[in-house]
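Asker: The following block contains the structure, expressed as C-alpha cells.
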Amino acid sequence: MNSIAPLHAPMKQFPVASGELVVGGIPLKQLVARVGCTPFYVYDRALLTRRIEELRAALPTRLKLHYAIKANPMPALVAHMTQRVDGVDVASSGELKIALDAGVPAHDISFAGPGKTDAELAQAVASGVLIVLESFREAAALATISKTLNLPARVVVRINPNFELKSAGMKMGGGPKPFGVDAERVPDLLKIIGETGLAFEGFHLFVGSQNLRAGAIAEALRKSYTLVSELAASAPGPVKVINLGGGFGIPYFPGEQSLDLVPIGSTLTSIAEEAAKSFPQAEIVIELGRYLVGEAGLYVSRIVDRKVSNGELFLVIDGGMHQHLAASGNFGQVLRKNFPVAIGSRMHAIKAESVWIVGPLCTPLDVLAERTVLPRGEPGDLVVIFQSGAYGATASPQAFLGHPPVVEVLV
Ligand SMILES: *Cc1c(COP(=O)(O)O)cnc(C)c1O
C-alpha cells in the first residue's frame, strides 16, 4: 500500500462516446442545446428503471418498495417512479398533491414527518392516505378530524427506537429525537388509538439516512423488526403494515464504495419469512429516496471564467451552491468533501491540473469542488457533478442572490 489519497468510486452509470458523456442516449453537448441553457439538472429514466430492477432482484419478492419523494419531487420523475414502485412516502401537503396528481392510489401513499398541521392532517384523512403518527397531539387531532369528516384516519405509529443506526450520515432515530414516539411510550399511544377508533394499520421506523455500511443497515432492520414484534402485543388491531425505513446510501466522497445489498437482502428475506407467520396480514415495506434516484442525476453547468489567484486555479461556473447546496458541502456535512466531477466533453482527456470549481455567488461558501484534478477546462466547457439526482434543486436555497430557478429535465 502507498499513501495515495483515496479516489471517488468510478462513475460508470453514464456511457462515454467520442470523449463525451452520454445521458439518456443523448451526447452532452446536444443535450445542452436541447435544454437551451445551463445550468440544469438532468435525470436519466433508464437508470432510474435499472436501479429499481436491480434492487428488486436483490430483495425478497414479497417486500414492498416505496419511493420517498422528498429526495426528488420533480413531477415527471415522480410519475416515472410511481409506475415502478409499490407506493410513495410524502412529507408535506405539497408532496401529497404531487403524489395524488401523479395518480398514485391513496392506499399506497404514506404521510410522515413531525409537525404535521391540523390542516395537513385533515387533507391526509380526506385523501384516504396512511398517516404516520409522530406524536400524541397528532392522535388527538386525528380523532377530531375523523369524527368531523366521518372517515377514520388510517394510521401507523412511528417508533423512535431505543437504539441508533450505526454510521448513518444523518441519524433520525434513537435518543432524543423530534421524530416518532419513544418506544416505551408507544403502548400508551396504541391504547389511545384503540379508544378513539382510528384505523390502526401498523408500525413505521426510519432511523437514519445515507448509510453505506450494509452490516449496520441489516442490524438496524433486524432490531427494528424485533421492536415491532414486541410492541405489536399492545396493538389495538391486526398489523397490516410494517415499514422498516431504509437509509441506503450512495458513494459521494473519495474512499466511499457502493452499498453491498447482499447482507441487506438476506436479513430482509428472513424478516419477511418470520412476518409471514407472525403477522400474516402484514406488508413489509422499505422506503428509499436517495438510493433510488441519486445516481441517475447530473448537475450540468458551463465554465464562465478561468483565473489564477495566488497560485491556485479557479474555474468559475454558471451554477453554484444556490442550486446544488449538497455539492457545496453545506447540506449536513461536517467536513466539506468533493462530489465526483468531470469536464463532460473531455472524458478521455488527461487529467492535467488541480482546480477549484466555484459558483458565481459572492460568498466563500460557493465552492463545488476544492483542488480536484481535471483535464484542462476553458470558458464554455461543461462541468458535470455526478450523484446529483437526490436532494438537489429542492434542497437548495435557490432564491439566494437572485439567480433564476434551475431547470430540470428527465430524459
Ligand atoms: C427522508 C426520509 C426518507 C428518505 O431518506 P433517503 O435517505 O433519501 O432514502 C424516507 N423516510 C422518511 C420518513 C424520511 O424522513
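Residue numbering restarts at 1 for every chain of the C-alpha cells, chains are lettered A, B, ... in their displayed order, and ligands are numbered from 1 as they appear.
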Using 8 Å as the limit and counting only C-alpha atoms and all ligand atoms, can you tabulate each residue of chain A that touches ligand 1, with its shortest atom-to-atom distance in Å and the two atoms involved, as a tab-separated table?
Answerer:
```
residue	atom	partner	partner_atom_place_in_ligand_line	distance
A:Tyr67	CA	ligand 1	10 (C)	7.8
A:Ala68	CA	ligand 1	4 (C)	5.0
A:Ile69	CA	ligand 1	4 (C)	7.6
A:Lys70	CA	ligand 1	1 (C)	6.4
A:Ala71	CA	ligand 1	8 (O)	5.2
A:Asp89	CA	ligand 1	11 (N)	6.7
A:Ala91	CA	ligand 1	15 (O)	7.2
A:Ala112	CA	ligand 1	13 (C)	5.6
A:Gly113	CA	ligand 1	13 (C)	6.4
A:Met172	CA	ligand 1	15 (O)	7.9
A:Leu205	CA	ligand 1	13 (C)	7.5
A:Phe206	CA	ligand 1	13 (C)	5.4
A:Gly208	CA	ligand 1	7 (O)	7.0
A:Ser209	CA	ligand 1	7 (O)	3.9
A:Gln210	CA	ligand 1	7 (O)	5.1
A:Asn211	CA	ligand 1	7 (O)	8.0
A:Gly245	CA	ligand 1	11 (N)	5.9
A:Gly246	CA	ligand 1	9 (O)	6.1
A:Gly247	CA	ligand 1	7 (O)	4.4
A:Phe248	CA	ligand 1	9 (O)	5.8
A:Gly249	CA	ligand 1	7 (O)	6.7
A:Glu287	CA	ligand 1	10 (C)	5.4
A:Leu288	CA	ligand 1	9 (O)	3.8
A:Gly289	CA	ligand 1	8 (O)	3.5
A:Arg290	CA	ligand 1	8 (O)	3.7
A:Tyr291	CA	ligand 1	9 (O)	5.8
A:Leu292	CA	ligand 1	9 (O)	7.7
A:Ala390	CA	ligand 1	8 (O)	7.2
A:Tyr391	CA	ligand 1	8 (O)	7.8
```
Asker: Show me, as a Markdown table, the residues of range 43-116 of chain A having an atom within 7 Å of range 18-28 of chain A, each with the closest atom pair and its distance in Å, using only C-alpha atoms.
Answerer:
```
| residue | atom | partner | partner_atom | distance |
| --- | --- | --- | --- | --- |
| A:Asp44 | CA | A:Gly24 | CA | 5.3 |
| A:Arg45 | CA | A:Gly24 | CA | 7.0 |
| A:Ala46 | CA | A:Gly24 | CA | 6.9 |
```
Asker: Considering only C-alpha atoms, return as an MDAnalysis selection string whatever protein or nucleic-acid residues lie within 10 Å of range 320-325 of chain A, sequence-local ones (same chain, fewer than 4 positions apart) excluded.
Answerer: chainID A and resid 39:41 299 301 316 329:332 357:361 363 365:368 385 388 391:407
Asker: Just the number, please: distance in Å from CA of Gly297 in chain A to CA of Leu59 in chain A, one decimal.
Answerer: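 Separation of CA of Gly297 in chain A and CA of Leu59 in chain A: 23.6 Å.
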Asker: So, with only C-alpha atoms as the atoms that count, which of A:Ala119, A:Val42, A:Leu7, A:Ala124 lies closest to His107 in chain A?
Answerer: A:Ala124
Asker: Need the shell around Leu227 in chain A: protein/DNA/RNA residues with any atom at most 10 Å away, counting only C-alpha atoms. Skip same-chain ones fewer than 2 positions apart. Format as a list in words?
Answerer: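 The filter keeps Ile159, Pro161, Asn162, Ala183, Phe203, Leu205, Leu221, Arg222, Lys223, Ser224, Tyr225, Ser229, Glu230, Leu231 and Ala232 of chain A.
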Asker: Dump all heavy atoms for the selected residues as a short mmCIF file (atom, residue, chain, number, x, y, z; two decimals), in the first residue's frame?
Answerer:
```
data_model
loop_
_atom_site.label_atom_id
_atom_site.label_comp_id
_atom_site.auth_asym_id
_atom_site.auth_seq_id
_atom_site.Cartn_x
_atom_site.Cartn_y
_atom_site.Cartn_z
N ILE A 159 -42.14 4.69 15.48
CA ILE A 159 -41.44 4.39 16.73
C ILE A 159 -40.08 5.06 16.71
O ILE A 159 -39.31 4.89 15.76
CB ILE A 159 -41.23 2.85 16.88
CG1 ILE A 159 -42.56 2.09 16.69
CG2 ILE A 159 -40.58 2.54 18.21
CD1 ILE A 159 -42.34 0.59 16.47
N PRO A 161 -36.87 4.38 18.14
CA PRO A 161 -36.40 3.18 18.82
C PRO A 161 -35.41 3.50 19.94
O PRO A 161 -34.92 4.63 20.03
CB PRO A 161 -35.71 2.40 17.70
CG PRO A 161 -35.26 3.44 16.74
CD PRO A 161 -36.27 4.55 16.82
N ASN A 162 -35.14 2.48 20.73
CA ASN A 162 -34.17 2.64 21.81
C ASN A 162 -32.78 2.23 21.36
O ASN A 162 -31.96 1.80 22.12
CB ASN A 162 -34.63 1.83 23.03
CG ASN A 162 -35.27 0.50 22.60
OD1 ASN A 162 -35.06 0.05 21.46
ND2 ASN A 162 -36.04 -0.11 23.49
N ALA A 183 -40.10 4.52 22.09
CA ALA A 183 -40.62 3.14 22.12
C ALA A 183 -41.41 2.84 23.39
O ALA A 183 -42.48 2.24 23.34
CB ALA A 183 -39.46 2.16 21.96
N PHE A 203 -46.90 -0.23 12.02
CA PHE A 203 -45.75 0.49 12.58
C PHE A 203 -44.80 0.99 11.49
O PHE A 203 -44.74 0.43 10.39
CB PHE A 203 -44.98 -0.42 13.53
CG PHE A 203 -45.78 -0.86 14.72
CD1 PHE A 203 -46.46 -2.08 14.71
CD2 PHE A 203 -45.88 -0.04 15.84
CE1 PHE A 203 -47.21 -2.48 15.82
CE2 PHE A 203 -46.63 -0.44 16.94
CZ PHE A 203 -47.29 -1.65 16.93
N LEU A 205 -40.68 2.80 11.13
CA LEU A 205 -39.44 3.31 11.72
C LEU A 205 -38.59 3.89 10.60
O LEU A 205 -38.60 3.38 9.47
CB LEU A 205 -38.60 2.19 12.37
CG LEU A 205 -39.13 1.55 13.65
CD1 LEU A 205 -39.85 0.26 13.33
CD2 LEU A 205 -37.98 1.29 14.62
N LEU A 221 -32.35 -3.05 10.66
CA LEU A 221 -33.60 -3.63 10.16
C LEU A 221 -34.06 -4.75 11.10
O LEU A 221 -35.23 -4.85 11.46
CB LEU A 221 -33.42 -4.18 8.74
CG LEU A 221 -33.23 -3.13 7.63
CD1 LEU A 221 -32.77 -3.80 6.34
CD2 LEU A 221 -34.53 -2.36 7.39
N ARG A 222 -33.09 -5.58 11.49
CA ARG A 222 -33.40 -6.70 12.38
C ARG A 222 -33.91 -6.19 13.74
O ARG A 222 -34.94 -6.64 14.24
CB ARG A 222 -32.12 -7.56 12.51
CG ARG A 222 -32.08 -8.57 13.62
CD ARG A 222 -33.23 -9.52 13.65
NE ARG A 222 -33.32 -10.40 12.49
CZ ARG A 222 -34.40 -11.18 12.25
NH1 ARG A 222 -35.43 -11.18 13.07
NH2 ARG A 222 -34.43 -11.95 11.19
N LYS A 223 -33.20 -5.21 14.31
CA LYS A 223 -33.62 -4.66 15.61
C LYS A 223 -34.98 -3.98 15.49
O LYS A 223 -35.80 -4.05 16.41
CB LYS A 223 -32.60 -3.64 16.11
CG LYS A 223 -31.33 -4.25 16.66
CD LYS A 223 -30.49 -3.11 17.23
CE LYS A 223 -29.21 -3.59 17.86
NZ LYS A 223 -28.29 -2.45 18.11
N SER A 224 -35.21 -3.32 14.37
CA SER A 224 -36.49 -2.63 14.17
C SER A 224 -37.63 -3.65 14.15
O SER A 224 -38.68 -3.45 14.76
CB SER A 224 -36.49 -1.85 12.85
OG SER A 224 -35.51 -0.84 12.88
N TYR A 225 -37.40 -4.74 13.42
CA TYR A 225 -38.44 -5.77 13.34
C TYR A 225 -38.71 -6.38 14.72
O TYR A 225 -39.86 -6.61 15.10
CB TYR A 225 -38.06 -6.85 12.32
CG TYR A 225 -39.10 -7.94 12.26
CD1 TYR A 225 -40.33 -7.71 11.64
CD2 TYR A 225 -38.89 -9.18 12.86
CE1 TYR A 225 -41.32 -8.68 11.63
CE2 TYR A 225 -39.86 -10.16 12.85
CZ TYR A 225 -41.08 -9.90 12.22
OH TYR A 225 -42.06 -10.86 12.21
N SER A 229 -42.24 -6.41 16.75
CA SER A 229 -42.84 -7.65 17.26
C SER A 229 -43.23 -7.50 18.72
O SER A 229 -44.30 -7.95 19.14
CB SER A 229 -41.88 -8.83 17.14
OG SER A 229 -41.48 -8.98 15.82
N GLU A 230 -42.36 -6.84 19.50
CA GLU A 230 -42.67 -6.65 20.93
C GLU A 230 -43.87 -5.71 21.10
O GLU A 230 -44.80 -6.01 21.85
CB GLU A 230 -41.45 -6.06 21.65
CG GLU A 230 -40.31 -7.05 21.83
CD GLU A 230 -38.99 -6.37 22.17
OE1 GLU A 230 -39.01 -5.19 22.59
OE2 GLU A 230 -37.95 -7.02 21.98
N LEU A 231 -43.84 -4.58 20.39
CA LEU A 231 -44.89 -3.58 20.59
C LEU A 231 -46.23 -4.04 20.02
O LEU A 231 -47.29 -3.59 20.46
CB LEU A 231 -44.46 -2.25 19.96
CG LEU A 231 -43.29 -1.57 20.70
CD1 LEU A 231 -42.73 -0.40 19.89
CD2 LEU A 231 -43.73 -1.09 22.08
N ALA A 232 -46.18 -4.96 19.07
CA ALA A 232 -47.42 -5.46 18.46
C ALA A 232 -48.33 -6.12 19.48
O ALA A 232 -49.54 -6.20 19.29
CB ALA A 232 -47.09 -6.43 17.32
#
```
Asker: Would you kindly return, as a count of residues only, each protein, DNA or RNA residue with an atom no farther than 9 Å from any atom of Glu138 in chain A, considering only C-alpha atoms and excluding same-chain residues fewer than 3 positions away?
Answerer: 11
Asker: Would you return as a PyMOL selection string the members of range 121-298 of chain A that DSSP assigns to strand (DSSP E) on this structure's backbone?
Answerer: chain A and resi 130-133+154-160+170-171+181-182+199-204+208-209+241-246+283-288+297-298
Asker: Give the alpha helix (DSSP H) residues of range 57-211 of chain A, as assigned by DSSP on the backbone, as a PyMOL selection string.
Answerer: chain A and resi 57-58+75-82+93-101+118-127+136-149+186-196
Asker: Which of these, A:Glu95, A:Glu53, A:Glu353, A:Glu164, has the shortest distance to Pro73 in chain A once you count only C-alpha atoms?
Answerer: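 Going through A:Glu95, A:Glu53, A:Glu353, A:Glu164 one by one, the smallest distance to Pro73 in chain A is for A:Glu95.
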